[in-house]
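File shown: target.cif. Contents: mmCIF, C-alpha atoms and all ligand atoms.
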data_final
#
loop_
_atom_site.label_atom_id
_atom_site.label_comp_id
_atom_site.auth_asym_id
_atom_site.auth_seq_id
_atom_site.Cartn_x
_atom_site.Cartn_y
_atom_site.Cartn_z
CA MET D 7 10.85 -0.23 -20.84
CA ARG D 8 9.91 3.06 -22.43
CA LEU D 9 10.60 6.61 -21.32
CA THR D 10 7.38 8.59 -21.38
CA PRO D 11 7.70 12.05 -22.93
CA VAL D 12 4.45 13.31 -21.38
CA CYS D 13 2.49 12.77 -18.19
CA ARG D 14 0.31 9.64 -18.36
CA TRP D 15 -2.31 11.28 -16.12
CA CYS D 16 -2.85 14.74 -17.67
CA GLY D 17 -1.06 14.42 -21.03
CA ALA D 18 1.11 17.47 -20.27
CA GLY D 19 4.30 17.62 -18.23
CA PRO D 20 7.28 17.95 -17.98
CA LEU D 21 8.20 15.04 -15.71
CA VAL D 22 10.90 15.42 -13.07
CA PRO D 23 12.64 12.57 -11.13
CA ARG D 24 11.48 11.97 -7.54
CA LEU D 25 12.47 8.48 -6.33
CA SER D 26 14.44 5.49 -7.59
CA PHE D 27 14.19 1.90 -6.37
CA ARG D 28 15.87 -1.42 -6.53
CA THR D 29 13.01 -3.88 -6.10
CA PRO D 30 13.37 -5.97 -2.93
CA ALA D 31 12.42 -9.15 -4.81
CA PRO D 32 12.71 -9.90 -8.53
CA VAL D 33 9.68 -8.60 -10.37
CA PRO D 34 8.73 -10.46 -13.55
CA ASP D 35 9.73 -8.57 -16.70
CA LEU D 36 11.81 -6.12 -14.70
CA GLY D 37 14.39 -8.71 -13.65
CA GLY D 38 14.61 -7.26 -10.16
CA GLY D 39 16.18 -4.15 -11.66
CA PRO D 40 15.56 -0.58 -10.61
CA PHE D 41 12.48 1.45 -11.31
CA PHE D 42 11.96 5.17 -11.14
CA LEU D 43 9.13 7.47 -10.15
CA HIS D 44 8.78 10.87 -11.77
CA ALA D 45 6.33 13.66 -10.89
CA CYS D 46 4.44 15.80 -13.41
CA GLN D 47 5.05 19.48 -12.92
CA ALA D 48 1.71 20.33 -14.56
CA CYS D 49 -0.72 18.18 -12.53
CA GLY D 50 1.40 16.70 -9.71
CA ALA D 51 0.73 13.02 -10.52
CA TRP D 52 3.60 10.60 -9.95
CA GLN D 53 4.28 7.79 -12.39
CA LEU D 54 6.69 5.05 -13.32
CA ASN D 55 9.14 6.33 -15.90
CA PRO D 56 10.21 4.46 -17.92
CA HIS D 57 7.16 2.23 -17.63
CA PRO D 58 7.06 -1.53 -18.21
CA GLY D 59 4.94 -1.18 -21.34
CA PRO D 60 1.67 -2.88 -22.27
CA GLU D 61 3.15 -6.30 -23.07
CA ALA D 62 4.84 -6.67 -19.68
CA SER D 63 1.70 -5.42 -17.93
CA ARG D 64 -0.43 -7.99 -19.72
CA ARG D 65 1.90 -10.86 -18.83
CA PHE D 66 1.84 -9.74 -15.20
CA PHE D 67 -1.94 -9.43 -14.85
CA ALA D 68 -2.89 -12.41 -17.02
CA SER D 69 -0.69 -14.77 -15.02
CA PRO D 70 -2.56 -17.43 -13.03
CA ASP D 71 -0.20 -16.49 -10.16
CA ARG D 72 -2.22 -13.28 -9.73
CA TRP D 73 -5.03 -15.32 -8.18
CA MET D 74 -2.91 -17.86 -6.33
CA VAL D 75 -1.49 -17.55 -2.84
CA GLY D 76 1.37 -15.01 -2.72
CA LEU D 77 3.15 -12.67 -0.32
CA ASP D 78 1.86 -9.24 0.69
CA PRO D 79 4.22 -6.25 1.35
CA ASP D 80 4.73 -7.62 4.88
CA GLN D 81 5.87 -10.95 3.37
CA ARG D 82 2.83 -12.77 4.76
CA PRO D 83 1.03 -15.34 2.59
CA VAL D 84 -2.19 -14.01 1.14
CA ASN D 85 -4.94 -15.86 -0.70
CA PRO D 86 -6.22 -13.29 -3.24
CA LEU D 87 -9.74 -14.74 -3.20
CA GLU D 88 -9.94 -14.47 0.61
CA ARG D 89 -8.33 -11.03 0.49
CA ALA D 90 -10.98 -9.85 -1.96
CA GLU D 91 -13.74 -11.00 0.40
CA GLY D 92 -12.04 -9.05 3.20
CA ARG D 93 -12.80 -5.88 1.25
CA LEU D 94 -16.53 -6.37 1.58
CA PRO D 95 -17.17 -3.62 4.21
CA GLU D 96 -15.26 -1.10 2.08
CA TYR D 97 -17.04 -2.12 -1.13
CA ARG D 98 -20.44 -1.95 0.57
CA GLN D 99 -19.78 1.73 1.30
CA TYR D 100 -19.09 2.42 -2.38
CA ALA D 101 -22.04 0.33 -3.54
CA GLY D 102 -24.46 2.05 -1.15
CA THR D 103 -23.54 5.51 -2.43
CA ILE D 104 -23.55 4.39 -6.08
CA MET D 105 -27.00 2.76 -5.74
CA ALA D 106 -28.41 5.95 -4.22
CA LEU D 107 -27.17 8.11 -7.12
CA LEU D 108 -27.49 5.81 -10.16
CA PRO D 109 -29.55 7.01 -13.13
CA GLU D 110 -32.73 4.96 -13.56
CA THR D 111 -31.55 3.13 -16.66
CA GLY D 112 -28.28 1.91 -18.12
CA ALA D 113 -25.80 -0.83 -17.39
CA VAL D 114 -23.01 -0.76 -14.83
CA MET D 115 -19.58 -1.77 -16.13
CA ASP D 116 -16.65 -2.71 -13.90
CA VAL D 117 -13.29 -2.61 -15.71
CA GLY D 118 -10.66 -4.70 -13.98
CA ALA D 119 -13.45 -6.35 -12.04
CA GLY D 120 -11.35 -9.16 -10.54
CA THR D 121 -13.70 -11.76 -9.11
CA GLY D 122 -16.64 -9.36 -9.45
CA LEU D 123 -17.18 -8.80 -5.72
CA MET D 124 -17.67 -5.03 -6.00
CA LEU D 125 -19.97 -5.26 -9.03
CA SER D 126 -22.05 -8.01 -7.42
CA LEU D 127 -23.12 -5.50 -4.75
CA ILE D 128 -24.97 -3.42 -7.38
CA ASP D 129 -28.03 -5.62 -7.15
CA ASP D 130 -31.01 -3.60 -8.40
CA GLY D 131 -31.63 -5.85 -11.41
CA ARG D 132 -29.82 -3.85 -14.08
CA THR D 133 -27.21 -5.31 -16.49
CA ARG D 134 -23.81 -5.73 -14.87
CA LEU D 135 -20.76 -6.08 -17.13
CA ALA D 136 -17.51 -7.32 -15.60
CA VAL D 137 -14.43 -6.70 -17.76
CA GLU D 138 -11.53 -8.79 -16.51
CA PRO D 139 -8.54 -10.12 -18.45
CA ASN D 140 -7.46 -12.83 -16.02
CA ALA D 141 -9.05 -16.22 -16.81
CA MET D 142 -9.29 -17.40 -13.18
CA ALA D 143 -10.84 -14.17 -11.98
CA SER D 144 -13.23 -14.08 -14.96
CA ARG D 145 -14.56 -17.52 -14.06
CA ALA D 146 -15.12 -16.42 -10.47
CA ALA D 147 -17.00 -13.31 -11.69
CA ALA D 148 -19.21 -15.42 -13.98
CA GLU D 149 -20.04 -17.71 -11.05
CA ARG D 150 -21.49 -14.64 -9.29
CA GLY D 151 -24.00 -14.28 -12.14
CA LEU D 152 -22.27 -11.31 -13.81
CA SER D 153 -21.94 -10.82 -17.57
CA VAL D 154 -18.22 -11.22 -18.17
CA ILE D 155 -16.08 -9.79 -20.97
CA GLN D 156 -12.64 -11.41 -20.69
CA ASP D 157 -10.52 -8.67 -22.21
CA TRP D 158 -8.23 -5.72 -21.53
CA ALA D 159 -9.42 -2.21 -20.78
CA GLU D 160 -7.60 -0.84 -23.81
CA ALA D 161 -9.41 -3.28 -26.11
CA LEU D 162 -12.89 -2.01 -25.19
CA GLY D 163 -14.99 -0.02 -27.62
CA PRO D 164 -17.92 2.24 -26.77
CA PRO D 165 -20.89 0.38 -25.25
CA GLU D 166 -24.10 0.04 -27.26
CA ARG D 167 -25.95 2.32 -24.84
CA PRO D 168 -24.64 4.95 -22.39
CA LEU D 169 -23.56 3.52 -19.05
CA ALA D 170 -25.23 4.34 -15.74
CA ALA D 171 -21.87 3.79 -14.04
CA LEU D 172 -18.29 2.83 -14.78
CA ILE D 173 -16.35 1.25 -11.93
CA MET D 174 -12.57 1.11 -11.87
CA ASN D 175 -11.69 -0.23 -8.47
CA GLN D 176 -7.96 -0.68 -7.87
CA SER D 177 -7.47 -1.00 -11.61
CA LEU D 178 -6.96 2.39 -13.29
CA ASP D 179 -3.46 2.83 -11.89
CA HIS D 180 -2.44 -0.52 -13.38
CA LEU D 181 -3.09 0.68 -16.95
CA PRO D 182 0.00 1.73 -18.92
CA ARG D 183 -1.97 4.74 -20.29
CA PRO D 184 -4.75 5.71 -17.87
CA ASP D 185 -4.95 9.14 -19.52
CA LEU D 186 -5.93 7.66 -22.88
CA PHE D 187 -8.42 5.27 -21.30
CA LEU D 188 -10.16 8.02 -19.30
CA ALA D 189 -10.36 10.33 -22.32
CA GLN D 190 -12.41 7.64 -24.11
CA ALA D 191 -14.36 6.19 -21.22
CA VAL D 192 -15.80 9.46 -19.95
CA HIS D 193 -17.89 9.59 -23.13
CA TRP D 194 -19.39 6.16 -22.39
CA LEU D 195 -21.29 7.61 -19.42
CA ALA D 196 -24.86 8.82 -19.63
CA PRO D 197 -25.46 12.37 -18.35
CA GLY D 198 -25.69 11.87 -14.61
CA GLY D 199 -23.72 8.62 -14.94
CA LEU D 200 -21.23 7.74 -12.23
CA MET D 201 -17.53 6.87 -12.31
CA LEU D 202 -15.90 5.19 -9.31
CA LEU D 203 -12.12 5.42 -9.22
CA GLY D 204 -11.28 3.23 -6.25
CA GLY D 205 -8.00 2.75 -4.41
CA LEU D 206 -5.77 5.31 -6.16
CA ILE D 207 -2.46 5.58 -4.29
CA ASN D 208 -1.68 9.07 -3.01
CA PRO D 209 2.07 9.84 -3.18
CA ALA D 210 1.45 13.00 -1.11
CA CYS D 211 -0.05 11.12 1.86
CA LEU D 212 1.61 11.31 5.28
CA SER D 213 3.01 7.78 5.16
CA ALA D 214 4.59 8.25 1.71
CA ARG D 215 6.13 11.53 2.81
CA VAL D 216 7.63 9.98 5.95
CA HIS D 217 8.76 6.65 4.49
CA GLY D 218 9.82 7.76 1.00
CA PRO D 219 11.12 4.76 -0.96
CA SER D 220 9.96 2.38 1.83
CA PHE D 221 6.29 3.35 1.29
CA ARG D 222 4.58 -0.01 0.92
CA LEU D 223 2.55 0.79 -2.20
CA PHE D 224 5.33 1.90 -4.55
CA HIS D 225 5.50 -0.97 -7.02
CA PRO D 226 6.41 -1.22 -10.72
CA PHE D 227 2.92 -2.35 -11.69
CA HIS D 228 1.30 0.48 -9.75
CA GLN D 229 2.12 2.70 -12.67
CA VAL D 230 0.41 6.03 -11.91
CA TYR D 231 -0.01 7.80 -8.54
CA PRO D 232 -2.27 10.85 -8.87
CA THR D 233 -2.52 13.11 -5.83
CA PRO D 234 -6.09 14.09 -4.85
CA ALA D 235 -5.45 17.52 -6.40
CA ALA D 236 -4.33 15.88 -9.66
CA VAL D 237 -7.46 13.71 -9.73
CA ARG D 238 -9.77 16.68 -9.37
CA ARG D 239 -7.86 18.94 -11.75
CA VAL D 240 -7.70 16.40 -14.56
CA LEU D 241 -11.26 15.05 -14.33
CA ALA D 242 -13.11 18.35 -13.88
CA PRO D 243 -12.51 19.55 -17.47
CA PHE D 244 -14.16 16.32 -18.69
CA GLY D 245 -17.36 17.54 -17.03
CA LEU D 246 -17.05 15.21 -14.04
CA GLU D 247 -18.09 16.54 -10.65
CA LEU D 248 -16.79 14.94 -7.47
CA VAL D 249 -19.66 13.65 -5.33
CA ALA D 250 -17.90 11.44 -2.74
CA VAL D 251 -14.40 10.73 -1.41
CA TRP D 252 -13.26 7.84 0.80
CA ARG D 253 -9.94 7.07 2.46
CA PRO D 254 -10.42 3.37 3.20
CA TYR D 255 -8.48 1.98 6.14
CA PHE D 256 -10.46 0.67 9.12
CA GLN D 257 -12.94 -1.00 6.73
CA THR D 258 -10.09 -2.95 5.05
CA PRO D 259 -8.17 -6.06 6.14
CA HIS D 260 -5.12 -3.82 6.58
CA GLY D 261 -6.68 -1.49 9.13
CA SER D 262 -7.24 -1.91 12.89
CA ALA D 263 -6.52 0.05 16.05
CA GLY D 264 -3.45 -2.12 16.77
CA LYS D 265 -2.07 -1.82 13.25
CA PHE D 266 -2.67 1.93 13.32
CA LEU D 267 -0.67 2.34 16.53
CA ARG D 268 2.17 0.15 15.19
CA ALA D 269 2.26 2.18 11.96
CA CYS D 270 2.41 5.41 14.01
CA GLY D 271 5.31 3.99 16.00
CA LEU D 272 7.15 2.99 12.83
CA MET D 273 6.68 6.50 11.41
CA ALA D 274 8.05 8.04 14.60
CA LEU D 275 11.12 5.77 14.41
CA ARG D 276 11.58 6.58 10.72
CA CYS D 277 11.52 10.31 11.54
CA LEU D 278 14.25 9.69 14.12
CA GLY D 279 16.30 7.63 11.67
CA LEU D 280 15.83 4.50 13.80
CA ALA D 281 13.38 2.50 11.69
CA PRO D 282 14.24 -1.08 10.76
CA GLY D 283 14.26 -2.12 7.11
CA GLY D 284 11.17 -3.23 5.27
CA PRO D 285 8.07 -1.54 3.99
CA SER D 286 5.86 0.96 5.81
CA GLY D 287 2.65 -0.11 7.49
CA ALA D 288 -0.79 0.47 6.02
CA PHE D 289 -2.09 3.89 7.07
CA PRO D 290 -5.17 6.07 6.57
CA GLY D 291 -4.85 8.14 3.42
CA ASN D 292 -2.47 5.79 1.61
CA THR D 293 -5.20 5.24 -0.94
CA VAL D 294 -8.16 7.41 -1.88
CA SER D 295 -11.37 6.44 -3.66
CA TYR D 296 -13.42 8.94 -5.65
CA LEU D 297 -16.95 8.93 -7.03
CA PHE D 298 -17.61 11.33 -9.92
CA ARG D 299 -20.83 12.15 -11.73
CA ARG D 300 -21.00 13.28 -15.35
CA LYS D 301 -22.69 16.64 -15.51
CA VAL D 302 -25.24 17.49 -18.16
CA LEU D 303 -23.35 20.73 -18.83
CA PHE D 304 -19.56 20.88 -18.92
CA HIS D 305 -19.51 24.53 -17.83
CA SER D 306 -21.79 26.47 -15.49
CA LEU D 307 -24.30 28.82 -17.05
CA LYS D 308 -23.76 32.50 -16.44
CA VAL D 309 -26.48 33.93 -14.25
CA GLU D 310 -28.60 36.14 -16.44
CA ALA D 311 -29.92 39.43 -15.13
CA PRO D 312 -33.59 38.97 -14.16
CA ALA D 313 -35.82 39.85 -17.09
CA THR D 314 -37.99 42.87 -16.61
CA SER D 315 -41.63 42.17 -17.16
CA SER D 316 -42.94 43.18 -20.55
CA LEU D 317 -46.49 42.31 -19.68
CA SER D 318 -48.81 45.20 -19.50
CA VAL D 319 -52.49 45.46 -18.94
ZN ZN R 1 0.40 15.50 -15.35
#

For this file, produce the structure as structure tokens.
Amino acid sequence: MRLTPVCRWCGAGPLVPRLSFRTPAPVPDLGGGPFFLHACQACGAWQLNPHPGPEASRRFFASPDRWMVGLDPDQRPVNPLERAEGRLPEYRQYAGTIMALLPETGAVMDVGAGTGLMLSLIDDGRTRLAVEPNAMASRAAAERGLSVIQDWAEALGPPERPLAALIMNQSLDHLPRPDLFLAQAVHWLAPGGLMLLGGLINPACLSARVHGPSFRLFHPFHQVYPTPAAVRRVLAPFGLELVAVWRPYFQTPHGSAGKFLRACGLMALRCLGLAPGGPSGAFPGNTVSYLFRRKVLFHSLKVEAPATSSLSV
């Protein structure tokens, strides 16, 4: 466990303590011990501090258990393969927008691709590269006909040709140093290339504000929690313009009218100090997905004064 001297979203800081936790169940490599969330005073992103470090992260995500039946935050058994399929309506939304905006040429790379479900929806015949460290998930991605690189995000070098799109769907916030990865990866995109940052957890959302430490998505391997403002502020100087935003809920397995009403009731009880123990319910705005496009110019051109005609007859 290492204390981070600077923000792992913007590279600045300082970081100030916000919440501390004792994990409800033992977490591998943390021994069930406490973990702490700090907020960056420069950009507003929250993050684990100290963080588990790259070795612990790799053991956690490479484990075969990641793709075996486990318990969700509501302590219900979940088959990760079935859960991934349940995301299809949400992923179709992303894929539809990406397909409409993709440059004509260039590969699409999905880093932290899991079983490759999201990437498989980009089906216009171009090269599709799935980067996934977990062996079980890599095999499932290959069975979908994707080109698979079984490796870690941090181990990637620049692609041979500029990418038409880079997808990081529910994966960027698992990296120990998302700031360092983004600083490299933005240069892998072709001008006009797209970057999907899917499922980033918003620590400023209504549910997190109401439930505090009981917010269901605070977890020691969700390492960075950028607010929407922090996402825009940090990516804009890289020359990335925001072209679409989603707050997935009703399209996910966690969202329905009944679940929404129950989550509202739980929030009302929590506000009154009457809520039972356990995590919060899923709620709109808990996670946000962003689609950025790399601009040709990093800065806008100044508008020149109209030239006076020098033509004479
Ligand atoms: Zn920051």

Using all atoms listed in the file, find all polymer residues with an atom at most 9 Å away from the point (-29.6, -5.2, -21.8); report them as a ChimeraX atom specification. /D:112-113,132-133,167

Using C-alpha atoms, can you export the residues from the last selection as a short mmCIF file (atom, residue, chain, number, x, y, z; two decimals), keeping the file's coordinate frame?
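As written to disk, selection-v2.cif reads:
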data_model
loop_
_atom_site.label_atom_id
_atom_site.label_comp_id
_atom_site.auth_asym_id
_atom_site.auth_seq_id
_atom_site.Cartn_x
_atom_site.Cartn_y
_atom_site.Cartn_z
CA GLY D 112 -28.28 1.91 -18.12
CA ALA D 113 -25.80 -0.83 -17.39
CA ARG D 132 -29.82 -3.85 -14.08
CA THR D 133 -27.21 -5.31 -16.49
CA ARG D 167 -25.95 2.32 -24.84
#

Which is closest to Leu178 in chain D among D:Pro282, D:Gly218, D:Gly271, D:Gly204, if we use only C-alpha atoms? D:Gly204

Counting all atoms listed in the file, name the residues that have an atom within 7 Å of an atom of ligand ZN 1 (chain R); the answer should be given as a list in words.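 Those within range of ligand ZN 1 (chain R) are Cys13, Arg14, Trp15, Cys16, Gly17, Ala18, Gly19, Cys46, Gln47, Ala48, Cys49, Gly50 and Ala51 of chain D.
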
Grab the CA of Gln156 in chain D to CA of Ala191 in chain D distance for me, in Å with one decimal place. 17.7 Å

Using all atoms listed in the file, I'd like a table of the residues in range 198-296 of chain D that come within 8 Å of range 81-103 of chain D; for each, show the closest atom pair and its distance in Å rounded to one decimal, ordered by chain and ascending number, as a Markdown table.
| residue | atom | partner | partner_atom | distance |
| --- | --- | --- | --- | --- |
| D:Pro254 | CA | D:Glu96 | CA | 6.7 |
| D:Gln257 | CA | D:Glu96 | CA | 5.2 |
| D:Thr258 | CA | D:Arg93 | CA | 5.5 |
| D:Pro259 | CA | D:Gly92 | CA | 5.7 |

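For the atom pair formed by CA of Val249 in chain D and CA of Val192 in chain D, the distance is 15.7 Å, given to one decimal.
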
Selected residue of minimal separation from Gly245 in chain D among D:Ser306, D:Leu125, D:Phe27, D:Leu169, counting only C-alpha atoms: D:Ser306

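CA of Arg134 in chain D lies 10.8 Å from CA of Ala119 in chain D.
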
Residues near Leu181 in chain D, anyone? I mean within 8 Å using only C-alpha atoms, not counting same-chain ones fewer than 6 positions away, as a PyMOL selection string. chain D and resi 60+63+159+229

Residues proximal to (-4.3, 2.5, -10.9) were defined as those with any atom within 9 Å of that point in the file's coordinates, counting all atoms listed in the file. Which are they, as a short mmCIF file (atom, residue, chain, number, x, y, z; two decimals) with C-alpha atoms, in the coordinates of the input?
data_model
loop_
_atom_site.label_atom_id
_atom_site.label_comp_id
_atom_site.auth_asym_id
_atom_site.auth_seq_id
_atom_site.Cartn_x
_atom_site.Cartn_y
_atom_site.Cartn_z
CA MET D 174 -12.57 1.11 -11.87
CA ASN D 175 -11.69 -0.23 -8.47
CA GLN D 176 -7.96 -0.68 -7.87
CA SER D 177 -7.47 -1.00 -11.61
CA LEU D 178 -6.96 2.39 -13.29
CA ASP D 179 -3.46 2.83 -11.89
CA HIS D 180 -2.44 -0.52 -13.38
CA LEU D 181 -3.09 0.68 -16.95
CA PRO D 184 -4.75 5.71 -17.87
CA LEU D 203 -12.12 5.42 -9.22
CA GLY D 204 -11.28 3.23 -6.25
CA GLY D 205 -8.00 2.75 -4.41
CA LEU D 206 -5.77 5.31 -6.16
CA ILE D 207 -2.46 5.58 -4.29
CA PHE D 227 2.92 -2.35 -11.69
CA HIS D 228 1.30 0.48 -9.75
CA GLN D 229 2.12 2.70 -12.67
CA VAL D 230 0.41 6.03 -11.91
CA TYR D 231 -0.01 7.80 -8.54
CA PRO D 232 -2.27 10.85 -8.87
#
